[in-house]
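Participant: So here's coords05.cif, just mmCIF, C-alpha atoms and all ligand atoms:
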```
data_entry
loop_
_atom_site.group_PDB
_atom_site.id
_atom_site.type_symbol
_atom_site.label_atom_id
_atom_site.label_comp_id
_atom_site.auth_asym_id
_atom_site.auth_seq_id
_atom_site.Cartn_x
_atom_site.Cartn_y
_atom_site.Cartn_z
ATOM 1 C CA MET N 1 63.342 257.852 35.741
ATOM 2 C CA MET N 2 66.106 258.682 38.221
ATOM 3 C CA LYS N 3 66.444 262.059 39.852
ATOM 4 C CA ASN N 4 68.142 264.415 37.435
ATOM 5 C CA ASP N 5 70.569 266.484 39.501
ATOM 6 C CA ALA N 6 71.694 268.764 36.657
ATOM 7 C CA LEU N 7 68.059 269.640 35.944
ATOM 8 C CA LEU N 8 67.321 270.189 39.650
ATOM 9 C CA ASN N 9 70.284 272.519 39.852
ATOM 10 C CA ASP N 10 68.968 274.564 36.901
ATOM 11 C CA LEU N 11 65.446 274.651 38.323
ATOM 12 C CA ALA N 12 66.751 276.078 41.594
ATOM 13 C CA HIS N 13 67.638 279.250 39.683
ATOM 14 C CA CYS N 14 64.215 279.759 38.096
ATOM 15 C CA GLY N 15 61.612 282.098 39.538
ATOM 16 C CA SER N 16 58.659 282.011 37.157
ATOM 17 C CA PRO N 17 56.452 279.277 35.677
ATOM 18 C CA ASP N 18 57.756 279.991 32.185
ATOM 19 C CA THR N 19 61.468 279.897 33.096
ATOM 20 C CA LEU N 20 60.889 276.634 35.003
ATOM 21 C CA VAL N 21 59.261 275.028 31.975
ATOM 22 C CA ALA N 22 62.004 276.363 29.679
ATOM 23 C CA ALA N 23 64.659 274.746 31.909
ATOM 24 C CA ILE N 24 62.799 271.424 31.873
ATOM 25 C CA LEU N 25 62.405 271.459 28.090
ATOM 26 C CA ASN N 26 66.074 272.323 27.758
ATOM 27 C CA HIS N 27 66.960 269.130 29.622
ATOM 28 C CA ARG N 28 64.233 267.052 28.037
ATOM 29 C CA PRO N 29 64.097 267.993 24.341
ATOM 30 C CA ASP N 30 62.819 264.448 23.733
ATOM 31 C CA LEU N 31 59.408 265.133 25.305
ATOM 32 C CA THR N 32 56.463 264.263 23.086
ATOM 33 C CA ALA N 33 52.698 264.547 23.510
ATOM 34 C CA PRO N 34 51.188 263.435 25.761
ATOM 35 C CA VAL N 35 53.965 264.462 28.160
ATOM 36 C CA ASP N 36 54.685 261.682 30.692
ATOM 37 C CA VAL N 37 54.120 263.929 33.688
ATOM 38 C CA GLU N 38 54.644 261.226 36.336
ATOM 39 C CA ASP N 39 57.986 260.162 34.906
ATOM 40 C CA LEU N 40 59.020 263.786 34.643
ATOM 41 C CA SER N 41 57.882 264.503 38.218
ATOM 42 C CA ARG N 42 59.983 261.602 39.508
ATOM 43 C CA SER N 43 63.075 262.979 37.784
ATOM 44 C CA ILE N 44 62.447 266.263 39.614
ATOM 45 C CA GLY N 45 62.125 264.706 43.061
ATOM 46 C CA ILE N 46 58.501 263.626 43.511
ATOM 47 C CA ALA N 47 58.674 260.305 45.376
ATOM 48 C CA SER N 48 55.113 259.043 45.100
ATOM 49 C CA PHE N 49 51.585 259.604 43.813
ATOM 50 C CA THR N 50 48.687 258.669 46.042
ATOM 51 C CA ASP N 51 44.925 259.088 46.212
ATOM 52 C CA ALA N 52 43.498 262.060 48.076
ATOM 53 C CA HIS N 53 40.715 260.791 50.325
ATOM 54 C CA ASP N 54 40.204 263.971 52.303
ATOM 55 C CA GLY N 55 37.009 265.500 50.904
ATOM 56 C CA ARG N 56 38.223 269.032 51.548
ATOM 57 C CA PHE N 57 40.620 269.065 48.602
ATOM 58 C CA THR N 58 41.007 267.218 45.291
ATOM 59 C CA SER N 59 44.745 267.548 44.778
ATOM 60 C CA GLY N 60 47.635 268.317 47.049
ATOM 61 C CA LEU N 61 51.319 268.326 47.771
ATOM 62 C CA SER N 62 52.759 266.908 50.961
ATOM 63 C CA ILE N 63 56.388 267.354 51.882
ATOM 64 C CA ASP N 64 57.628 265.099 54.634
ATOM 65 C CA THR N 65 60.131 267.268 56.485
ATOM 66 C CA PRO N 66 62.863 266.712 57.520
ATOM 67 C CA LYS N 67 63.229 263.693 55.214
ATOM 68 C CA GLY N 68 62.218 265.759 52.215
ATOM 69 C CA VAL N 69 60.075 263.024 50.678
ATOM 70 C CA VAL N 70 57.527 264.634 48.374
ATOM 71 C CA ASN N 71 54.132 263.132 47.585
ATOM 72 C CA ILE N 72 51.480 264.351 45.156
ATOM 73 C CA LEU N 73 47.881 263.492 45.981
ATOM 74 C CA THR N 74 45.002 263.421 43.499
ATOM 75 C CA ALA N 75 41.330 262.551 43.886
ATOM 76 C CA PRO N 76 40.626 258.966 42.736
ATOM 77 C CA THR N 77 37.520 260.285 40.959
ATOM 78 C CA PHE N 78 39.571 262.432 38.567
ATOM 79 C CA SER N 79 39.593 261.527 34.882
ATOM 80 C CA SER N 80 43.035 260.922 33.415
ATOM 81 C CA PRO N 81 43.313 264.429 31.844
ATOM 82 C CA ARG N 82 42.236 266.094 35.107
ATOM 83 C CA ARG N 83 44.670 263.962 37.096
ATOM 84 C CA ARG N 84 47.546 264.842 34.744
ATOM 85 C CA MET N 85 46.647 268.525 35.026
ATOM 86 C CA ALA N 86 46.515 268.236 38.836
ATOM 87 C CA ILE N 87 49.932 266.508 39.002
ATOM 88 C CA ALA N 88 51.507 269.182 36.793
ATOM 89 C CA HIS N 89 49.794 271.884 38.894
ATOM 90 C CA GLN N 90 51.218 270.443 42.141
ATOM 91 C CA LEU N 91 54.636 270.077 40.516
ATOM 92 C CA GLY N 92 54.363 273.795 39.760
ATOM 93 C CA HIS N 93 53.651 274.563 43.425
ATOM 94 C CA TYR N 94 56.613 272.384 44.400
ATOM 95 C CA LEU N 95 59.046 274.108 42.027
ATOM 96 C CA MET N 96 57.909 277.702 42.594
ATOM 97 C CA LYS N 97 60.152 278.793 45.452
ATOM 98 C CA ALA N 98 57.637 281.404 46.599
ATOM 99 C CA HIS N 99 54.979 278.689 47.123
ATOM 100 C CA VAL N 100 56.082 277.371 50.474
ATOM 101 C CA GLY N 101 55.082 274.094 52.094
ATOM 102 C CA ASP N 102 52.219 271.658 51.680
ATOM 103 C CA ARG N 103 49.299 272.469 49.393
ATOM 104 C CA GLN N 104 45.677 271.495 49.357
ATOM 105 C CA CYS N 105 43.861 272.615 46.227
ATOM 106 C CA ALA N 106 40.216 272.512 45.227
ATOM 107 C CA THR N 107 39.095 271.555 41.738
ATOM 108 C CA ARG N 108 38.343 275.201 40.913
ATOM 109 C CA ASP N 109 41.987 276.072 41.690
ATOM 110 C CA LEU N 110 42.995 273.973 38.671
ATOM 111 C CA SER N 111 41.424 276.545 36.355
ATOM 112 C CA GLU N 112 42.190 279.704 38.338
ATOM 113 C CA SER N 113 43.330 282.512 36.064
ATOM 114 C CA ARG N 114 42.854 285.537 38.341
ATOM 115 C CA ARG N 115 45.713 287.113 40.245
ATOM 116 C CA ASP N 116 43.835 289.546 42.479
ATOM 117 C CA THR N 117 44.754 287.849 45.786
ATOM 118 C CA PRO N 118 48.085 286.220 46.792
ATOM 119 C CA ARG N 119 46.388 282.819 46.982
ATOM 120 C CA ARG N 120 44.744 283.106 43.545
ATOM 121 C CA LYS N 121 47.991 284.345 42.050
ATOM 122 C CA GLU N 122 49.778 281.197 43.244
ATOM 123 C CA GLU N 123 47.023 278.997 41.826
ATOM 124 C CA MET N 124 47.194 280.889 38.533
ATOM 125 C CA GLN N 125 50.990 280.405 38.449
ATOM 126 C CA ALA N 126 50.679 276.669 39.136
ATOM 127 C CA ASN N 127 48.205 276.438 36.234
ATOM 128 C CA ARG N 128 50.416 278.499 33.979
ATOM 129 C CA PHE N 129 53.232 276.048 34.740
ATOM 130 C CA ALA N 130 50.988 273.015 34.137
ATOM 131 C CA ILE N 131 49.661 274.284 30.817
ATOM 132 C CA SER N 132 53.118 275.244 29.504
ATOM 133 C CA LEU N 133 54.555 271.902 30.617
ATOM 134 C CA LEU N 134 51.782 269.660 29.300
ATOM 135 C CA MET N 135 51.539 271.576 26.004
ATOM 136 C CA PRO N 136 55.123 272.635 25.193
ATOM 137 C CA LYS N 137 55.024 275.663 22.911
ATOM 138 C CA SER N 138 56.990 274.375 19.907
ATOM 139 C CA LEU N 139 55.208 270.985 19.880
ATOM 140 C CA PHE N 140 51.872 272.747 20.235
ATOM 141 C CA LEU N 141 52.509 275.227 17.406
ATOM 142 C CA THR N 142 53.495 272.415 15.039
ATOM 143 C CA PHE N 143 50.416 270.450 16.081
ATOM 144 C CA ILE N 144 47.875 273.233 15.524
ATOM 145 C CA ASP N 145 49.594 274.168 12.276
ATOM 146 C CA GLY N 146 48.956 270.610 11.134
ATOM 147 C CA LEU N 147 45.271 270.924 12.011
ATOM 148 C CA GLY N 148 44.800 273.691 9.441
ATOM 149 C CA ARG N 149 42.653 276.805 9.661
ATOM 150 C CA PRO N 150 41.302 277.646 13.133
ATOM 151 C CA SER N 151 38.201 275.660 14.026
ATOM 152 C CA VAL N 152 36.216 274.941 17.171
ATOM 153 C CA SER N 153 36.600 271.240 16.361
ATOM 154 C CA HIS N 154 40.355 271.455 17.006
ATOM 155 C CA LEU N 155 39.983 272.026 20.731
ATOM 156 C CA ALA N 156 38.864 268.484 21.550
ATOM 157 C CA LYS N 157 41.605 267.092 19.293
ATOM 158 C CA ILE N 158 44.200 269.098 21.204
ATOM 159 C CA ALA N 159 42.795 267.990 24.576
ATOM 160 C CA GLU N 160 42.966 264.367 23.457
ATOM 161 C CA ALA N 161 46.454 264.522 21.927
ATOM 162 C CA TYR N 162 47.930 266.236 24.984
ATOM 163 C CA GLY N 163 45.864 264.408 27.605
ATOM 164 C CA VAL N 164 44.549 267.614 29.185
ATOM 165 C CA PRO N 165 41.103 268.922 30.192
ATOM 166 C CA LEU N 166 39.284 270.871 27.495
ATOM 167 C CA HIS N 167 39.561 274.173 29.372
ATOM 168 C CA ALA N 168 43.350 273.795 29.528
ATOM 169 C CA ALA N 169 43.527 273.077 25.776
ATOM 170 C CA ALA N 170 41.357 276.145 25.155
ATOM 171 C CA GLU N 171 43.592 278.345 27.291
ATOM 172 C CA ARG N 172 46.722 277.278 25.407
ATOM 173 C CA TYR N 173 44.901 277.655 22.084
ATOM 174 C CA VAL N 174 43.798 281.271 22.581
ATOM 175 C CA GLU N 175 47.317 282.050 23.745
ATOM 176 C CA LEU N 176 49.246 280.515 20.840
ATOM 177 C CA ALA N 177 46.959 280.256 17.792
ATOM 178 C CA LYS N 178 47.503 282.881 15.096
ATOM 179 C CA GLY N 179 44.656 285.343 15.489
ATOM 180 C CA LEU N 180 42.518 286.958 18.140
ATOM 181 C CA PHE N 181 40.339 284.345 19.865
ATOM 182 C CA ALA N 182 38.322 283.651 22.979
ATOM 183 C CA VAL N 183 36.810 280.324 24.001
ATOM 184 C CA SER N 184 33.775 279.761 26.173
ATOM 185 C CA LEU N 185 32.606 276.432 27.607
ATOM 186 C CA ILE N 186 28.904 276.263 28.421
ATOM 187 C CA LYS N 187 26.976 273.586 30.319
ATOM 188 C CA ASP N 188 23.209 273.630 30.874
ATOM 189 C CA GLY N 189 22.983 277.217 29.679
ATOM 190 C CA ILE N 190 25.550 278.463 32.180
ATOM 191 C CA ILE N 191 29.026 279.723 31.329
ATOM 192 C CA ARG N 192 31.623 277.396 32.850
ATOM 193 C CA TYR N 193 34.780 279.042 31.509
ATOM 194 C CA VAL N 194 35.705 281.965 29.328
ATOM 195 C CA MET N 195 39.256 282.280 28.094
ATOM 196 C CA PRO N 196 40.053 285.421 26.093
ATOM 197 C CA GLY N 197 43.425 285.572 24.351
ATOM 198 C CA ARG N 198 45.760 288.480 24.957
ATOM 199 C CA GLY N 199 44.410 291.603 23.260
ATOM 200 C CA PHE N 200 40.844 290.294 23.033
ATOM 201 C CA PRO N 201 38.326 293.021 24.038
ATOM 202 C CA ALA N 202 36.929 292.884 27.589
ATOM 203 C CA LEU N 203 34.114 290.336 27.963
ATOM 204 C CA CYS N 204 30.878 291.237 29.728
ATOM 205 C CA ILE N 205 30.174 287.676 30.928
ATOM 206 C CA GLY N 206 32.068 285.269 33.137
ATOM 207 C CA PRO N 207 31.773 281.884 34.871
ATOM 208 C CA GLY N 208 28.362 281.380 36.477
ATOM 209 C CA ASP N 209 26.558 283.791 34.141
ATOM 210 C CA THR N 210 23.705 282.729 31.895
ATOM 211 C CA ALA N 211 24.992 281.992 28.399
ATOM 212 C CA PRO N 212 23.666 283.964 25.413
ATOM 213 C CA SER N 213 20.566 282.290 23.992
ATOM 214 C CA LEU N 214 20.001 280.910 20.513
ATOM 215 C CA MET N 215 23.356 279.380 19.906
ATOM 216 C CA GLN N 216 22.976 276.859 17.125
ATOM 217 C CA ASP N 217 25.875 274.568 16.340
ATOM 218 C CA SER N 218 27.920 275.859 13.459
ATOM 219 C CA VAL N 219 31.377 274.770 12.403
ATOM 220 C CA ALA N 220 31.302 277.589 9.842
ATOM 221 C CA TRP N 221 32.071 281.099 11.086
ATOM 222 C CA ILE N 222 28.848 282.985 11.772
ATOM 223 C CA GLN N 223 28.315 286.512 12.970
ATOM 224 C CA ALA N 224 28.197 286.816 16.768
ATOM 225 C CA ASP N 225 26.165 289.489 18.525
ATOM 226 C CA VAL N 226 28.859 291.559 20.234
ATOM 227 C CA ARG N 227 26.287 292.814 22.779
ATOM 228 C CA ASP N 228 26.046 289.260 24.144
ATOM 229 C CA TRP N 229 29.755 289.016 24.843
ATOM 230 C CA LEU N 230 31.658 292.281 24.970
ATOM 231 C CA VAL N 231 31.791 295.309 27.209
ATOM 232 C CA LEU N 232 30.747 298.018 24.751
ATOM 233 C CA SER N 233 31.693 301.647 25.003
ATOM 234 C CA ARG N 234 29.567 304.433 23.533
ATOM 235 C CA ASP N 235 32.694 306.129 22.233
ATOM 236 C CA LEU N 236 34.135 303.139 20.445
ATOM 237 C CA ARG N 237 32.985 301.386 17.312
ATOM 238 C CA PRO N 238 32.190 297.773 18.280
ATOM 239 C CA PRO N 239 34.321 295.202 16.443
ATOM 240 C CA VAL N 240 32.946 292.628 14.034
ATOM 241 C CA MET N 241 33.037 289.284 15.826
ATOM 242 C CA THR N 242 32.375 285.820 14.436
ATOM 243 C CA MET N 243 31.928 282.490 16.183
ATOM 244 C CA GLN N 244 31.766 278.742 15.789
ATOM 245 C CA VAL N 245 29.662 276.612 18.128
ATOM 246 C CA LEU N 246 30.048 272.890 18.777
ATOM 247 C CA SER N 247 27.978 270.689 21.113
ATOM 248 C CA LYS N 248 29.644 267.661 22.675
ATOM 249 C CA SER N 249 27.805 264.462 23.548
ATOM 250 C CA ASN N 250 28.032 265.257 27.286
ATOM 251 C CA GLY N 251 25.960 268.420 26.782
ATOM 252 C CA LEU N 252 28.942 270.749 26.808
ATOM 253 C CA LYS N 253 28.868 273.574 24.270
ATOM 254 C CA ILE N 254 32.163 274.984 23.023
ATOM 255 C CA VAL N 255 32.137 278.483 21.541
ATOM 256 C CA LEU N 256 35.135 279.842 19.659
ATOM 257 C CA LEU N 257 34.955 283.626 19.186
ATOM 258 C CA SER N 258 37.151 285.384 16.654
ATOM 259 C CA ILE N 259 37.973 288.982 15.803
ATOM 260 C CA ASN N 260 39.931 289.883 12.680
ATOM 261 C CA ALA N 261 42.454 292.278 14.207
ATOM 262 C CA ALA N 262 43.867 293.463 10.862
ATOM 263 C CA ALA N 263 40.381 294.245 9.495
ATOM 264 C CA GLU N 264 39.509 296.103 12.696
ATOM 265 C CA ARG N 265 42.660 298.222 12.429
ATOM 266 C CA ARG N 266 41.829 299.068 8.804
ATOM 267 C CA ALA N 267 38.263 299.994 9.754
ATOM 268 C CA ASP N 268 39.564 302.256 12.530
ATOM 269 C CA GLU N 269 41.918 303.978 10.087
ATOM 270 C CA GLU N 270 39.113 304.453 7.553
ATOM 271 C CA ALA N 271 36.847 305.937 10.228
ATOM 272 C CA GLU N 272 39.564 308.328 11.317
ATOM 273 C CA LYS N 273 40.278 309.359 7.739
ATOM 274 C CA ALA N 274 36.596 309.960 7.041
ATOM 275 C CA ALA N 275 36.337 312.106 10.159
ATOM 276 C CA THR N 276 39.261 314.374 9.250
ATOM 277 C CA GLU N 277 38.295 314.667 5.548
ATOM 278 C CA SER N 278 34.646 315.474 6.113
ATOM 279 C CA PRO N 279 33.530 318.655 4.331
ATOM 280 C CA LYS N 280 33.568 321.854 6.332
ATOM 281 C CA PHE N 281 29.985 323.005 6.160
ATOM 282 C CA GLY N 282 29.257 326.628 5.436
ATOM 283 C CA ARG N 283 32.498 327.279 3.656
ATOM 284 C CA ARG N 284 32.610 328.143 -0.051
ATOM 285 C CA PRO N 285 34.851 326.006 -2.184
ATOM 286 C CA SER N 286 37.996 327.993 -2.954
ATOM 287 C CA ARG N 287 38.851 328.736 -6.601
HETATM 288 ZN ZN ZN N 301 47.075 274.751 43.715
#
```
Starting from the file, lay out its structure as structure tokens.
Ligand SMILES: [Zn+2]

Facilitator:
Amino acid sequence: MMKNDALLNDLAHCGSPDTLVAAILNHRPDLTAPVDVEDLSRSIGIASFTDAHDGRFTSGLSIDTPKGVVNILTAPTFSSPRRRMAIAHQLGHYLMKAHVGDRQCATRDLSESRRDTPRRKEEMQANRFAISLLMPKSLFLTFIDGLGRPSVSHLAKIAEAYGVPLHAAAERYVELAKGLFAVSLIKDGIIRYVMPGRGFPALCIGPGDTAPSLMQDSVAWIQADVRDWLVLSRDLRPPVMTMQVLSKSNGLKIVLLSINAAAERRADEEAEKAATESPKFGRRPSR
């Protein structure tokens, strides 16, 4: 694919990961899953893709100034989904005007979701770009609609169809699926990732923590113990939370947590009503 000057011109006016992806999709409405990220990168000015042999980073961006030749590097040990994610991540760094110069990213940067330091914020933005680009919203919504009712088994199907790592598929899923979800990936009893969707209650566990015990596989929704997962407040009624658990052949456990937001709102209203209508003790009924 040749350099697309009209697209480059539009991209020069974008300042956020989401507006960048919107401009790309506007020029490339033909994109289908899995998105051909190398072809797309070439049309945006990436000249070459080479192996990263420096052990200090697993993906990077090198800009040969003053010639302006741009190269994306990825570790030769990366699986195809991880490599695609890394290329899209570096393309994000390249297109974000605030991310200046060459980049050298570690594997953990490819799943960074925090924004508490300038560096982490840039990594998070590059991931946001990569996820939105590799799983375009309208394609993704149609795809998960076709899969039927939410199920933990859908996550691997999404990762395969879009050629992305499981954690990236999970992140897009909790963002766009109808409902209130969080996903956790667990390996050898340790939490690898937790991705809560927007509005999901605060979780009490994060990457590196010991996973809750006694998690039997279940593709049916079963009651989850909220104390294992959520930050609980003495003043607030804990929500009812259900989960599905699926073990993969590589020993990875995927947990999909769900809260029925509408039922929780109704329960809150009922509790409030009961509190205000409670009998006033010590008062005679009026005639
Ligand atoms: Zn990065």

Participant: Evaluate the PyMOL selection byres (((not hetatm)) within 8 of (chain N and resi 301)) on the structure here and hand back the selected residues as a PDB file with C-alpha atoms, in the frame of the given file.

Facilitator:
```pdb
ATOM      1  CA  SER N  59      44.745 267.548  44.778  1.00  0.00           C
ATOM      2  CA  GLY N  60      47.635 268.317  47.049  1.00  0.00           C
ATOM      3  CA  HIS N  89      49.794 271.884  38.894  1.00  0.00           C
ATOM      4  CA  GLN N  90      51.218 270.443  42.141  1.00  0.00           C
ATOM      5  CA  HIS N  93      53.651 274.563  43.425  1.00  0.00           C
ATOM      6  CA  ARG N 103      49.299 272.469  49.393  1.00  0.00           C
ATOM      7  CA  GLN N 104      45.677 271.495  49.357  1.00  0.00           C
ATOM      8  CA  CYS N 105      43.861 272.615  46.227  1.00  0.00           C
ATOM      9  CA  ALA N 106      40.216 272.512  45.227  1.00  0.00           C
ATOM     10  CA  ASP N 109      41.987 276.072  41.690  1.00  0.00           C
ATOM     11  CA  LEU N 110      42.995 273.973  38.671  1.00  0.00           C
ATOM     12  CA  GLU N 122      49.778 281.197  43.244  1.00  0.00           C
ATOM     13  CA  GLU N 123      47.023 278.997  41.826  1.00  0.00           C
ATOM     14  CA  ALA N 126      50.679 276.669  39.136  1.00  0.00           C
ATOM     15  CA  ASN N 127      48.205 276.438  36.234  1.00  0.00           C
TER      16      ASN N 127
END
```

Participant: For the PyMOL selection byres (((chain N and resi 18-21) around 10) and not hetatm), applied here, can you spell out every residue it catches as number ranges by chain?

Facilitator: N: 10-17, 22-27, 92, 95-96, 125, 128-134, 136

Participant: Report as a tab-separated table: every residue of stretch 60-163 of chain N with an atom at most 12 Å from stretch 247-251 of chain N, its closest pair of atoms, and their distance in Å to one decimal, counting only C-alpha atoms, with rows sorted by chain and ascending residue number.

Facilitator:
```
residue	atom	partner	partner_atom	distance
N:Val152	CA	N:Ser247	CA	10.1
N:Ser153	CA	N:Ser247	CA	9.9
N:Leu155	CA	N:Lys248	CA	11.4
N:Ala156	CA	N:Lys248	CA	9.3
```

Participant: Taking into account all atoms listed in the file, which residue in the set N:Leu236, N:His53, N:Pro165, N:Leu257 is nearest to N:Trp221?

Facilitator: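 Ranking N:Leu236, N:His53, N:Pro165, N:Leu257 by distance to N:Trp221, first place goes to N:Leu257.
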
Participant: Run the PyMOL selection byres (((chain N and resi 61) around 12) and not hetatm) on the file and write out the hits as an MDAnalysis selection string.

Facilitator: chainID N and resid 46:52 57:60 62:64 69:74 86:95 99:105

Participant: From the set N:Val164, N:Val35, N:Ile44, N:Ala159, which residue has the shortest atom-to-atom contact distance to N:Arg82, counting all atoms listed in the file?

Facilitator: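 Distance minimum relative to N:Arg82 lands on N:Val164.
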
Participant: For a quick check of understanding, using only C-alpha atoms, which of N:Pro29, N:Phe181, N:Arg115, N:Ser43 has the smallest distance to N:Ala6?

Facilitator: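 Among N:Pro29, N:Phe181, N:Arg115, N:Ser43, it is N:Ser43 that comes nearest to N:Ala6.
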
Participant: For atom CA of N:His167 and atom CA of N:Val226, quote the distance in Å rounded to one decimal.

Facilitator: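 Taking atom CA of N:His167 and atom CA of N:Val226, their separation equals 22.4 Å.
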
Participant: List every protein, DNA or RNA residue that has at least one atom no more than 12 Å from (22.2, 278.3, 22.8) in the file's coordinates, counting only C-alpha atoms, and write the result as a list of chain:residue names.

Facilitator: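 Protein, DNA and RNA residues close to (22.2, 278.3, 22.8): N:Leu185, N:Ile186, N:Lys187, N:Asp188, N:Gly189, N:Ile190, N:Ile191, N:Thr210, N:Ala211, N:Pro212, N:Ser213, N:Leu214, N:Met215, N:Gln216, N:Asp217, N:Ser218, N:Asp228, N:Gln244, N:Val245, N:Leu246, N:Ser247, N:Gly251, N:Leu252, N:Lys253, N:Ile254, N:Val255.
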
Participant: Using all atoms listed in the file, find the one residue out of N:Gly163, N:Pro66, N:Pro34, N:Gly179 that sits nearest to N:Pro81.

Facilitator: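 Looking at the shortest contact to N:Pro81, the residue is N:Gly163.
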
Participant: What's around N:Gln223 at 7 Å? Count all atoms listed in the file, leave out sequence neighbours fewer than 3 positions away in its own chain, and write the answer as a list in words.

Facilitator: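 The neighbour list is Met241, Thr242 and Met243 of chain N.
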
Participant: For the selection just defined, write its residues with C-alpha atoms to a file, as a PDB file, in the frame of the given file.

Facilitator:
```pdb
ATOM      1  CA  MET N 241      33.037 289.284  15.826  1.00  0.00           C
ATOM      2  CA  THR N 242      32.375 285.820  14.436  1.00  0.00           C
ATOM      3  CA  MET N 243      31.928 282.490  16.183  1.00  0.00           C
TER       4      MET N 243
END
```

Participant: In Å, how far is it from atom CA of N:Trp229 to atom CA of N:Glu270?

Facilitator: 25.0 Å

Participant: Suppose you want the space between atom CA of N:Gly55 and atom CA of N:Arg119; what is it in Å?

Facilitator: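 Separating atom CA of N:Gly55 from atom CA of N:Arg119 is a distance of 20.1 Å.
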
Participant: Is it possible to get the axis-aligned box enclosing stretch 15-26 of chain N (all listed atoms, 5 Å extra per side) as lines of an AutoDock Vina configuration file, with centre and edge lengths in Å rounded to one decimal?

Facilitator:
```
center_x = 61.3
center_y = 276.8
center_z = 33.6
size_x = 19.6
size_y = 20.7
size_z = 21.8
```
